[in-house]
$ cat model_32.txt   # compact mmCIF, C-alpha atoms
# COMPACT_ATOMS: atom_id res chain seq x y z
CA MET A 97 68.65 17.59 -11.69
CA LYS A 98 67.80 21.19 -11.02
CA THR A 99 70.11 21.18 -7.99
CA LEU A 100 72.84 19.69 -10.09
CA GLY A 101 72.47 22.54 -12.55
CA VAL A 102 72.76 25.16 -9.83
CA LEU A 103 75.74 23.36 -8.43
CA LEU A 104 77.52 23.20 -11.76
CA CYS A 105 76.85 26.89 -12.33
CA LEU A 106 78.38 27.69 -8.95
CA LEU A 107 81.41 25.54 -9.62
CA THR A 108 81.93 26.95 -13.07
CA ALA A 109 81.63 30.48 -11.78
CA THR A 110 84.13 29.69 -9.06
CA ALA A 111 86.60 28.12 -11.44
CA ALA A 112 86.26 30.86 -14.04
CA ALA A 113 86.48 33.76 -11.64
CA VAL A 114 89.80 32.92 -10.04
CA PRO A 115 92.18 32.70 -13.02
CA ALA A 116 90.43 35.58 -14.75
CA ALA A 117 91.15 37.88 -11.86
CA VAL A 118 94.81 37.00 -11.52
CA PRO A 119 96.39 38.41 -14.65
CA ALA A 120 94.22 41.50 -14.46
CA ALA A 121 95.42 42.53 -11.05
CA ALA A 122 98.85 40.98 -10.58
CA PRO A 123 101.28 43.01 -12.70
CA VAL A 124 99.76 46.44 -12.20
CA PRO A 125 100.48 48.01 -8.82
CA ALA A 126 98.01 50.78 -9.61
CA ALA A 127 95.19 48.26 -9.50
CA VAL A 128 95.93 47.32 -5.92
CA PRO A 129 94.63 50.35 -4.00
CA ALA A 130 91.48 50.27 -6.09
CA ALA A 131 90.86 46.63 -5.20
CA ALA A 132 91.70 47.15 -1.55
CA SER A 133 89.49 50.21 -1.23
CA VAL A 134 86.40 48.19 -2.06
CA LEU A 135 86.51 46.93 1.51
CA GLY A 136 87.97 50.14 2.85
CA PRO A 137 86.23 52.52 5.19
CA ALA A 138 84.85 54.60 2.35
CA ALA A 139 82.78 51.68 1.09
CA VAL A 140 81.79 50.13 4.40
CA PRO A 141 79.96 52.35 6.85
CA GLY A 142 79.86 51.34 10.50
CA PRO A 143 82.54 49.83 12.68
CA ALA A 144 83.17 46.61 10.78
CA SER A 145 82.46 44.84 7.54
CA ALA A 146 79.44 42.54 7.62
CA TYR A 147 81.73 39.77 6.54
CA ALA A 148 82.84 37.25 9.13
CA HIS A 149 86.31 36.43 7.90
CA VAL A 150 88.17 38.41 10.49
CA PHE A 151 91.86 38.36 11.19
CA TYR A 152 92.97 40.63 14.02
CA VAL A 153 96.75 40.71 14.02
CA SER A 154 99.45 43.36 13.94
CA ILE A 155 103.14 42.67 13.43
CA THR A 156 105.80 44.95 14.87
CA ARG A 157 109.43 44.57 13.87
CA VAL A 158 112.16 46.05 15.96
CA LYS A 159 115.59 46.14 14.38
CA TRP A 160 118.72 47.58 15.90
CA ASN A 161 120.64 49.69 13.44
CA VAL A 162 123.99 49.61 15.16
CA ASP A 163 125.70 52.05 12.76
CA VAL A 164 123.45 54.91 13.79
CA ALA A 165 122.71 53.60 17.31
CA ARG A 166 119.00 53.45 16.65
CA LEU A 167 116.10 51.04 17.04
CA ASP A 168 113.98 51.07 13.90
CA VAL A 169 110.44 49.99 14.63
CA SER A 170 107.91 49.14 11.94
CA VAL A 171 104.34 48.49 13.05
CA ARG A 172 102.10 46.86 10.47
CA ILE A 173 98.42 47.39 11.24
CA PHE A 174 95.43 46.76 9.01
CA THR A 175 94.55 50.16 7.63
CA ASP A 176 90.80 49.89 8.21
CA ASP A 177 91.34 48.81 11.83
CA LEU A 178 93.79 51.63 12.45
CA GLU A 179 91.37 54.20 11.06
CA GLU A 180 88.49 52.79 13.13
CA ALA A 181 90.61 52.96 16.27
CA ILE A 182 91.47 56.61 15.65
CA VAL A 183 87.80 57.44 15.01
CA ALA A 184 86.86 55.56 18.20
CA LYS A 185 89.29 57.82 20.13
CA GLY A 186 87.46 60.88 18.79
CA GLY A 187 89.77 61.54 15.85
CA PRO A 188 88.82 62.14 12.23
CA ARG A 189 88.46 59.50 9.52
CA LEU A 190 91.95 59.53 7.91
CA ARG A 191 91.11 57.87 4.58
CA LEU A 192 94.73 56.73 4.28
CA TRP A 193 96.08 55.88 0.85
CA THR A 194 93.16 57.49 -0.95
CA GLY A 195 93.00 60.78 -2.83
CA GLN A 196 91.20 62.38 0.13
CA ALA A 197 93.64 61.45 2.89
CA HIS A 198 93.37 63.69 5.95
CA ALA A 199 95.99 66.46 6.04
CA ASP A 200 96.87 65.73 9.69
CA ARG A 201 97.10 61.99 9.23
CA ASP A 202 100.69 61.73 10.43
CA ARG A 203 99.93 63.47 13.71
CA HIS A 204 96.92 61.24 14.40
CA VAL A 205 98.78 58.03 13.59
CA SER A 206 101.76 59.17 15.63
CA ASP A 207 99.51 60.03 18.61
CA TYR A 208 97.75 56.70 18.37
CA LEU A 209 101.02 54.77 18.38
CA ALA A 210 102.37 56.83 21.28
CA SER A 211 99.24 56.01 23.28
CA ARG A 212 99.45 52.28 22.56
CA LEU A 213 103.12 51.41 22.39
CA ALA A 214 105.87 51.94 24.98
CA PHE A 215 109.48 50.82 25.11
CA ARG A 216 111.94 50.57 27.94
CA VAL A 217 115.45 49.86 26.73
CA ASN A 218 118.05 48.63 29.25
CA GLY A 219 115.70 49.66 32.04
CA VAL A 220 115.11 53.23 30.80
CA ASP A 221 111.80 54.49 29.35
CA ARG A 222 112.40 55.73 25.83
CA GLN A 223 110.57 58.20 23.63
CA LEU A 224 109.31 57.06 20.24
CA THR A 225 110.03 59.33 17.29
CA TYR A 226 107.51 59.01 14.53
CA ALA A 227 109.22 58.57 11.14
CA GLY A 228 106.35 58.21 8.66
CA MET A 229 104.20 55.49 7.20
CA GLU A 230 104.02 53.34 4.11
CA ASP A 231 101.17 51.71 2.23
CA ALA A 232 101.38 47.92 2.50
CA LEU A 233 98.21 46.98 0.58
CA ASP A 234 95.53 46.18 3.20
CA ALA A 235 97.91 47.23 5.95
CA THR A 236 99.83 50.36 6.83
CA ALA A 237 103.45 50.12 7.98
CA CYS A 238 104.00 52.82 10.61
CA LEU A 239 107.62 53.66 11.24
CA VAL A 240 108.97 54.87 14.55
CA GLN A 241 112.49 55.20 15.88
CA ILE A 242 114.29 55.20 19.19
CA THR A 243 117.58 57.05 18.91
CA GLY A 244 120.76 56.95 20.97
CA VAL A 245 120.71 53.19 21.51
CA ASP A 246 124.36 52.11 21.44
CA ARG A 247 123.83 48.82 23.25
CA VAL A 248 120.82 46.56 23.80
CA GLU A 249 120.63 44.24 26.77
CA THR A 250 116.94 44.21 27.57
CA ILE A 251 113.86 45.58 25.89
CA GLU A 252 110.64 45.75 27.85
CA VAL A 253 107.72 46.49 25.64
CA GLU A 254 104.09 47.35 26.21
CA ASN A 255 101.83 46.90 23.22
CA ARG A 256 98.14 47.78 23.45
CA ILE A 257 97.54 48.22 19.74
CA LEU A 258 93.87 47.68 18.83
CA ILE A 259 93.10 45.68 21.98
CA GLU A 260 90.49 48.33 22.82
CA MET A 261 88.81 47.46 19.52
CA PHE A 262 89.01 43.68 19.29
CA ASP A 263 89.05 41.10 22.05
CA THR A 264 91.02 38.64 19.94
CA GLN A 265 93.63 41.11 18.67
CA ALA A 266 97.11 39.53 18.59
CA ASN A 267 100.16 41.78 18.48
CA VAL A 268 103.24 39.93 17.32
CA MET A 269 106.60 41.53 18.05
CA ARG A 270 109.79 40.49 16.35
CA PHE A 271 113.15 41.71 17.58
CA GLU A 272 116.33 41.58 15.58
CA ILE A 273 119.26 42.72 17.64
CA GLY A 274 122.83 42.10 16.46
CA GLY A 275 122.02 38.83 14.74
CA GLU A 276 119.76 37.56 17.53
CA ARG A 277 116.11 37.17 16.68
CA LYS A 278 113.36 36.90 19.27
CA TYR A 279 109.59 36.90 19.22
CA VAL A 280 106.88 37.93 21.63
CA ASN A 281 103.17 37.39 21.02
CA LEU A 282 101.08 39.92 22.94
CA SER A 283 97.32 40.22 23.35
CA LYS A 284 94.67 41.74 25.60
CA LYS A 285 95.60 39.17 28.24
CA THR A 286 99.32 39.93 28.09
CA VAL A 287 100.22 43.45 27.01
CA THR A 288 103.84 43.48 28.15
CA GLY A 289 106.88 41.40 27.33
CA THR A 290 110.60 41.44 28.01
CA VAL A 291 113.39 40.22 25.76
CA ARG A 292 117.06 39.90 26.67
CA PHE A 293 120.02 39.96 24.35
CA GLY A 294 123.70 39.14 24.34
CA SER A 295 123.56 36.92 27.40
CA MET B 149 108.89 32.23 21.99
CA SER B 150 110.16 30.95 18.64
CA GLU B 151 108.98 32.19 15.28
CA PHE B 152 107.42 28.76 14.70
CA GLN B 153 105.43 28.90 17.93
CA VAL B 154 104.20 32.43 17.26
CA TYR B 155 102.76 31.66 13.83
CA LEU B 156 101.51 28.22 14.88
CA GLN B 157 99.50 29.93 17.57
CA LEU B 158 98.23 32.60 15.16
CA GLY B 159 97.01 29.87 12.80
CA PHE B 160 95.36 27.85 15.55
CA ASP B 161 93.75 30.89 17.15
CA HIS B 162 92.50 32.10 13.82
CA ILE B 163 90.68 28.88 13.01
CA SER B 164 89.23 28.49 16.48
CA ASP B 165 88.14 32.15 16.70
CA LEU B 166 84.36 32.07 16.85
CA ASN B 167 84.24 35.45 15.13
CA ALA B 168 85.87 33.90 12.06
CA TYR B 169 83.18 31.30 11.76
CA ASP B 170 83.20 30.88 7.97
CA HIS B 171 86.03 28.38 8.33
CA ILE B 172 84.31 26.51 11.12
CA VAL B 173 81.10 26.30 9.09
CA PHE B 174 83.02 24.98 6.09
CA ILE B 175 84.70 22.25 8.13
CA ILE B 176 81.35 21.25 9.62
CA ALA B 177 79.78 21.10 6.15
CA LEU B 178 82.70 18.95 5.00
CA CYS B 179 82.11 16.51 7.88
CA ALA B 180 78.31 16.35 7.71
CA ALA B 181 78.04 13.84 4.85
CA TYR B 182 80.30 11.28 6.56
CA PRO B 183 79.11 8.72 9.10
CA LEU B 184 81.28 8.20 12.18
CA ASN B 185 83.04 5.10 10.84
CA ARG B 186 84.43 7.18 7.96
CA TRP B 187 86.55 9.43 10.21
CA ARG B 188 89.69 8.60 8.24
CA SER B 189 88.16 10.04 5.09
CA VAL B 190 87.25 13.21 6.98
CA ILE B 191 90.84 13.65 8.12
CA VAL B 192 92.13 13.17 4.56
CA LEU B 193 89.49 15.63 3.35
CA VAL B 194 90.45 18.27 5.92
CA THR B 195 94.14 17.75 5.16
CA ALA B 196 93.47 18.12 1.41
CA PHE B 197 91.70 21.35 2.22
CA THR B 198 94.70 22.55 4.26
CA ILE B 199 97.08 21.66 1.44
CA GLY B 200 95.04 23.68 -1.06
CA HIS B 201 94.87 26.46 1.47
CA SER B 202 98.65 26.40 1.97
CA ILE B 203 99.33 26.53 -1.76
CA THR B 204 97.43 29.76 -2.41
CA LEU B 205 98.59 31.26 0.84
CA ALA B 206 102.18 30.68 -0.23
CA LEU B 207 101.60 31.88 -3.80
CA ALA B 208 99.85 35.04 -2.67
CA THR B 209 102.29 35.81 0.09
CA LEU B 210 105.11 35.45 -2.43
CA ARG B 211 103.13 37.85 -4.64
CA LEU B 212 102.68 35.33 -7.43
CA VAL B 213 98.91 35.71 -7.42
CA LEU B 214 96.72 38.57 -6.34
CA VAL B 215 92.97 38.25 -6.14
CA PRO B 216 90.85 41.14 -4.89
CA THR B 217 89.64 40.59 -1.34
CA ASP B 218 86.00 41.24 -2.20
CA LEU B 219 85.99 38.53 -4.88
CA VAL B 220 87.47 36.03 -2.43
CA GLU B 221 84.91 36.99 0.19
CA THR B 222 82.19 36.14 -2.30
CA LEU B 223 83.78 32.86 -3.32
CA ILE B 224 84.29 31.51 0.21
CA PRO B 225 80.58 31.28 1.09
CA VAL B 226 80.00 29.84 -2.40
CA THR B 227 82.30 26.94 -1.49
CA ILE B 228 80.35 26.34 1.72
CA LEU B 229 77.04 26.48 -0.10
CA ALA B 230 78.31 24.13 -2.81
CA THR B 231 79.51 21.64 -0.17
CA CYS B 232 76.10 21.73 1.54
CA LEU B 233 74.24 21.25 -1.72
CA MET B 234 76.43 18.29 -2.57
CA ASN B 235 75.77 16.78 0.84
CA VAL B 236 72.03 17.03 0.31
CA TRP B 237 71.74 16.33 -3.36
CA ARG B 238 73.46 13.01 -3.03
CA PRO B 239 76.66 12.51 -1.10
CA PHE B 240 79.05 13.68 -3.74
CA GLU B 241 81.54 10.92 -3.20
CA ALA B 242 79.00 8.18 -4.06
CA GLN B 243 78.53 9.82 -7.42
CA PHE B 244 82.06 10.77 -8.40
CA GLY B 245 84.31 8.68 -6.17
CA ARG B 246 86.60 9.42 -3.29
CA LYS B 247 89.44 11.00 -5.21
CA THR B 248 87.13 13.56 -6.75
CA SER B 249 85.88 14.68 -3.36
CA TYR B 250 89.43 14.98 -2.03
CA GLY B 251 90.32 16.98 -5.13
CA LEU B 252 87.35 19.24 -4.63
CA ALA B 253 88.29 19.83 -0.97
CA LEU B 254 91.76 20.79 -2.18
CA PHE B 255 90.26 23.14 -4.76
CA PHE B 256 88.05 24.78 -2.12
CA GLY B 257 91.13 25.06 0.04
CA LEU B 258 92.78 27.07 -2.75
CA ILE B 259 89.95 29.59 -2.52
CA HIS B 260 89.93 29.80 1.26
CA GLY B 261 93.69 30.31 1.21
CA LEU B 262 93.22 33.43 -0.85
CA GLY B 263 91.04 34.78 1.94
CA PHE B 264 93.93 34.89 4.37
CA SER B 265 96.65 35.57 1.92
CA ASN B 266 95.89 39.22 1.31
CA TYR B 267 95.98 39.77 5.04
CA LEU B 268 99.06 37.74 5.79
CA ARG B 269 100.95 39.29 2.90
CA ALA B 270 100.06 42.77 4.07
CA LEU B 271 101.39 41.98 7.53
CA LEU B 272 104.48 39.99 6.63
CA GLY B 273 105.55 42.40 3.93
CA MET B 274 109.06 41.85 2.70
CA GLU B 275 110.22 39.72 5.59
CA GLU B 276 113.35 37.91 4.42
CA SER B 277 112.06 34.43 4.94
CA ILE B 278 108.36 33.75 4.98
CA VAL B 279 108.80 29.97 4.83
CA VAL B 280 108.66 29.44 8.58
CA PRO B 281 105.77 31.88 9.18
CA LEU B 282 103.73 30.32 6.37
CA LEU B 283 104.45 26.72 7.28
CA SER B 284 103.80 27.15 10.97
CA PHE B 285 100.68 29.24 10.34
CA ASN B 286 99.28 26.46 8.16
CA ILE B 287 100.15 23.73 10.63
CA GLY B 288 98.34 25.78 13.26
CA LEU B 289 95.32 26.02 10.95
CA GLU B 290 95.35 22.27 10.37
CA LEU B 291 95.51 21.54 14.09
CA GLY B 292 92.64 23.94 14.69
CA GLN B 293 90.59 22.27 11.97
CA LEU B 294 91.23 18.82 13.41
CA MET B 295 90.05 20.14 16.76
CA ILE B 296 86.80 21.31 15.13
CA VAL B 297 86.42 17.88 13.51
CA ALA B 298 86.92 16.23 16.91
CA ILE B 299 84.29 18.42 18.57
CA PHE B 300 81.88 17.85 15.69
CA ALA B 301 82.50 14.08 15.86
CA ALA B 302 81.74 14.09 19.60
CA VAL B 303 78.40 15.82 18.98
CA ALA B 304 77.69 13.50 16.05
CA PHE B 305 78.44 10.50 18.28
CA VAL B 306 75.74 11.58 20.72
CA ILE B 307 73.21 12.27 17.97
CA LEU B 308 73.88 9.20 15.86
CA ARG B 309 74.95 6.46 18.27
CA ILE B 310 73.31 7.41 21.54
CA LEU B 311 70.10 8.99 20.27
CA GLY B 312 70.02 6.70 17.23
CA THR B 313 69.18 9.42 14.69
CA PRO B 314 69.60 8.17 11.11
CA HIS B 315 72.73 9.69 9.52
CA ARG B 316 70.79 11.06 6.55
CA GLN B 317 68.62 13.17 8.86
CA TRP B 318 71.64 14.48 10.70
CA ASN B 319 73.36 15.31 7.42
CA LEU B 320 70.30 17.21 6.18
CA PHE B 321 70.01 19.12 9.42
CA VAL B 322 73.67 20.16 9.56
CA SER B 323 73.97 20.88 5.82
CA GLY B 324 70.80 22.95 5.88
CA ALA B 325 72.05 25.00 8.82
CA ALA B 326 75.45 25.53 7.18
CA ALA B 327 73.79 26.49 3.89
CA GLY B 328 71.76 29.12 5.73
CA VAL B 329 74.87 30.61 7.31
CA SER B 330 76.73 30.64 3.99
CA ALA B 331 73.78 32.35 2.29
CA MET B 332 73.92 35.09 4.91
CA LEU B 333 77.68 35.42 4.38
CA LEU B 334 77.12 35.64 0.65
CA ILE B 335 74.59 38.43 1.11
CA GLY B 336 76.89 40.17 3.59
CA ALA B 337 79.85 40.01 1.21
CA ASN B 338 78.03 41.78 -1.60

$ encode --input "model_32.txt" --output "structure tokens"
Amino acid sequence: MKTLGVLLCLLTATAAAVPAAVPAAAPVPAAVPAAASVLGPAAVPGPASAYAHVFYVSITRVKWNVDVARLDVSVRIFTDDLEEAIVAKGGPRLRLWTGQAHADRDRHVSDYLASRLAFRVNGVDRQLTYAGMEDALDATACLVQITGVDRVETIEVENRILIEMFDTQANVMRFEIGGERKYVNLSKKTVTGTVRFGS
Amino acid sequence: MSEFQVYLQLGFDHISDLNAYDHIVFIIALCAAYPLNRWRSVIVLVTAFTIGHSITLALATLRLVLVPTDLVETLIPVTILATCLMNVWRPFEAQFGRKTSYGLALFFGLIHGLGFSNYLRALLGMEESIVVPLLSFNIGLELGQLMIVAIFAAVAFVILRILGTPHRQWNLFVSGAAAGVSAMLLIGAN
């Protein structure tokens, strides 16, 4: 009977905790960074949280903006992983989306992306222009652009994001070019992919 | 590769990733109380868990619920521990009936779904349609879980049928091990 009591306590706690948390956090955007930062780098020293529920994925979207002849690239990376990777390369702890964010954060993020991501459009290597970043809760959306793209036939891409950190990192790439949508799923095993359009 | 294939693979890889063992431990705990001839019940149980999982994953990705990650990370090992205790205390189903145990698996699935949802939402962002990513991710998870069940059943077959170990002993052994792991997760999460 003692076990039953413990069990019931656990179940009650579980049932009570979930709905209670929902209304408190849902409508107030200001509550989100506070909640997210509990697991953030400030709270967890060392390379990773002790918790085992890991999910190593980044999603990169590449969209052709035909009006301005530009490829808009948005790379969503988990903020804690991104910061760890920059520290592992010898950079500072950026503390993104906190009150003490590093002043040079844009340069470090931009350098990291440039070292991990490469595009060749229609057979020509193209420079990435860093265009800022946005807070996406647990993730950061890093924005880069490739200008002067007035047609897209092939895109060869090399994506090494976070593979130096995690063996199971998956880097999903989604291309949206003139109504055509294609996907490539890259990882440590396969860091490059080619997509063709308009054929 | 199609969008469906990409997210199916992400779901499958996630569940079978040995680094993300909380899910594997939960599935094993769910199976432990069932003898081999009850495999159908195990499949229903795992599917109920996936359905619960899919519901919160969809709700959270659509931004209809938001639960802080640290709370979820505490609740997940609690569900594993609760499952183990039920296995040991007296196979839950014998006490409360089959439907109750399916319902409980679904409820635990709701909690586990929250664990992914913060992550998946952060990555998917405002993608126009998240129906295909969500659906295929969950189908991938379900397939991965069924694979774990199959591997567990193969081991159980050797232990129970070939070595002739009584099921109750096997259940106690597996549930005890899973309870230990979940206790460590619980300590790690706080």

$ closest_atom_pairs --input "model_32.txt" --of "chain B" --to "chain A" --cutoff "7 Å" --atoms "all atoms listed in the file" --output "CSV"
residue,atom,partner,partner_atom,distance
B:Met149,CA,A:Tyr279,CA,5.5
B:Ser150,CA,A:Tyr279,CA,6.0
B:Glu151,CA,A:Tyr279,CA,6.2
B:Val154,CA,A:Asn281,CA,6.3
B:His162,CA,A:Phe151,CA,6.8
B:Asn167,CA,A:Ala148,CA,6.4
B:Ala168,CA,A:His149,CA,4.9
B:Tyr169,CA,A:Ala148,CA,6.5
B:Asp170,CA,A:His149,CA,6.4
B:Val213,CA,A:Val118,CA,5.9
B:Leu214,CA,A:Ala122,CA,5.3
B:Val215,CA,A:Val118,CA,5.8
B:Pro216,CA,A:Ala131,CA,5.5
B:Thr217,CA,A:Ala132,CA,6.9
B:Asp218,CA,A:Leu135,CA,6.8
B:Leu223,CA,A:Thr110,CA,6.6
B:Ala230,CA,A:Leu103,CA,6.2
B:Trp237,CA,A:Thr99,CA,6.9
B:Tyr267,CA,A:Asp234,CA,6.7
B:Ala270,CA,A:Ala235,CA,5.3
B:Leu271,CA,A:Arg172,CA,5.7
B:Leu333,CA,A:Tyr147,CA,6.3
B:Gly336,CA,A:Ala146,CA,5.3
B:Ala337,CA,A:Tyr147,CA,5.7

$ closest_residue --input "model_32.txt" --among "B:Leu158, B:Val279, B:Ala302, B:Leu205" --to "B:Trp187" --atoms "all atoms listed in the file"
B:Ala302

$ residues_around --input "model_32.txt" --residues "B:Ser164" --least-positions-apart "4" --cutoff "12 Å" --atoms "only C-alpha atoms" --output "count of residues only"
25

$ residues_around --input "model_32.txt" --residues "stretch 326-329 of chain B" --least-positions-apart "6" --cutoff "9 Å" --atoms "only C-alpha atoms" --output "MDAnalysis selection string"
chainID B and resid 170 173:174 176:177 225 228:233

$ atom_distance --input "model_32.txt" --atom1 "atom CA of B:Ile191" --atom2 "atom CA of B:Leu254"
12.6 Å

$ atom_distance --input "model_32.txt" --atom1 "atom CA of A:Leu167" --atom2 "atom CA of A:Asn255"
16.1 Å

$ closest_residue --input "model_32.txt" --among "B:Ser265, B:Ser189, B:Ser277, B:Thr313" --to "B:Ala206" --atoms "all atoms listed in the file"
B:Ser265

$ axis_aligned_box --input "model_32.txt" --around "stretch 260-278 of chain B" --padding-each-side "3 Å" --output "JSON"
{"center_x": 101.6, "center_y": 36.3, "center_z": 3.3, "size_x": 29.4, "size_y": 19.0, "size_z": 14.4}

$ closest_residue --input "model_32.txt" --among "B:Gly273, B:Val303, B:Leu184, B:Gly312" --to "A:Glu230" --atoms "all atoms listed in the file"
B:Gly273

$ residues_near_point --input "model_32.txt" --point "(81.5, 10.6, -1.7)" --cutoff "12 Å" --atoms "all atoms listed in the file" --output "VMD selection string"
chain B and resid 178 to 183 186 189 to 190 193 231 234 to 253

$ atom_distance --input "model_32.txt" --atom1 "atom CA of A:Val287" --atom2 "atom CA of A:Tyr226"
21.2 Å

$ residues_near_point --input "model_32.txt" --point "(105.1, 53.1, 30.7)" --cutoff "12 Å" --atoms "only C-alpha atoms" --output "list in words"
Ala210, Ser211, Arg212, Leu213, Ala214, Phe215, Arg216, Val217, Gly219, Val220, Asp221, Arg222, Gln223, Leu224, Glu252, Val253, Glu254, Asn255, Arg256, Val287 and Thr288 of chain A

$ closest_residue --input "model_32.txt" --among "B:Phe197, B:Phe256, B:Phe285, B:Phe321" --to "B:Phe152" --atoms "all atoms listed in the file"
B:Phe285

$ closest_residue --input "model_32.txt" --among "A:Thr250, A:Pro188, A:Gly228, A:Ser170" --to "B:Leu272" --atoms "only C-alpha atoms"
A:Ser170

$ decode --input "model_32.txt" --residues "stretch 208-260 of chain B" --atoms "C-alpha atoms" --output "tab-separated table (two decimals), in the first residue's frame"
chain	number	residue	atom	x	y	z
B	208	ALA	CA	3.01	22.64	-28.94
B	209	THR	CA	4.31	23.04	-32.45
B	210	LEU	CA	1.16	24.97	-33.30
B	211	ARG	CA	1.89	27.08	-30.21
B	212	LEU	CA	-1.30	26.08	-28.44
B	213	VAL	CA	0.54	24.88	-25.36
B	214	LEU	CA	3.90	25.83	-23.97
B	215	VAL	CA	5.46	23.98	-21.07
B	216	PRO	CA	8.92	24.92	-19.83
B	217	THR	CA	11.56	22.44	-20.96
B	218	ASP	CA	12.91	21.88	-17.45
B	219	LEU	CA	9.49	20.85	-16.13
B	220	VAL	CA	9.07	18.37	-18.97
B	221	GLU	CA	12.54	16.98	-18.34
B	222	THR	CA	11.50	16.28	-14.76
B	223	LEU	CA	8.19	14.72	-15.75
B	224	ILE	CA	9.61	12.31	-18.34
B	225	PRO	CA	11.68	10.24	-15.86
B	226	VAL	CA	8.68	10.38	-13.49
B	227	THR	CA	6.62	8.56	-16.14
B	228	ILE	CA	9.32	5.90	-16.48
B	229	LEU	CA	9.57	5.48	-12.73
B	230	ALA	CA	5.78	5.28	-12.39
B	231	THR	CA	5.62	2.60	-15.11
B	232	CYS	CA	8.32	0.56	-13.34
B	233	LEU	CA	6.59	0.85	-9.99
B	234	MET	CA	3.33	-0.29	-11.53
B	235	ASN	CA	5.08	-3.26	-13.11
B	236	VAL	CA	6.47	-4.33	-9.76
B	237	TRP	CA	3.66	-3.40	-7.44
B	238	ARG	CA	1.20	-5.54	-9.33
B	239	PRO	CA	0.86	-5.50	-13.08
B	240	PHE	CA	-1.29	-2.45	-13.38
B	241	GLU	CA	-3.61	-3.91	-15.95
B	242	ALA	CA	-4.71	-6.76	-13.64
B	243	GLN	CA	-5.86	-4.16	-11.16
B	244	PHE	CA	-7.50	-1.56	-13.36
B	245	GLY	CA	-8.14	-3.31	-16.66
B	246	ARG	CA	-6.72	-3.05	-20.13
B	247	LYS	CA	-8.34	0.20	-21.17
B	248	THR	CA	-6.90	2.00	-18.18
B	249	SER	CA	-3.38	0.93	-19.03
B	250	TYR	CA	-3.81	2.01	-22.66
B	251	GLY	CA	-5.16	5.33	-21.39
B	252	LEU	CA	-2.21	5.74	-19.08
B	253	ALA	CA	0.25	5.01	-21.91
B	254	LEU	CA	-1.52	7.69	-23.93
B	255	PHE	CA	-1.27	10.11	-21.02
B	256	PHE	CA	2.46	9.40	-20.61
B	257	GLY	CA	2.78	9.92	-24.34
B	258	LEU	CA	1.33	13.41	-23.88
B	259	ILE	CA	4.18	14.21	-21.49
B	260	HIS	CA	6.91	12.73	-23.66
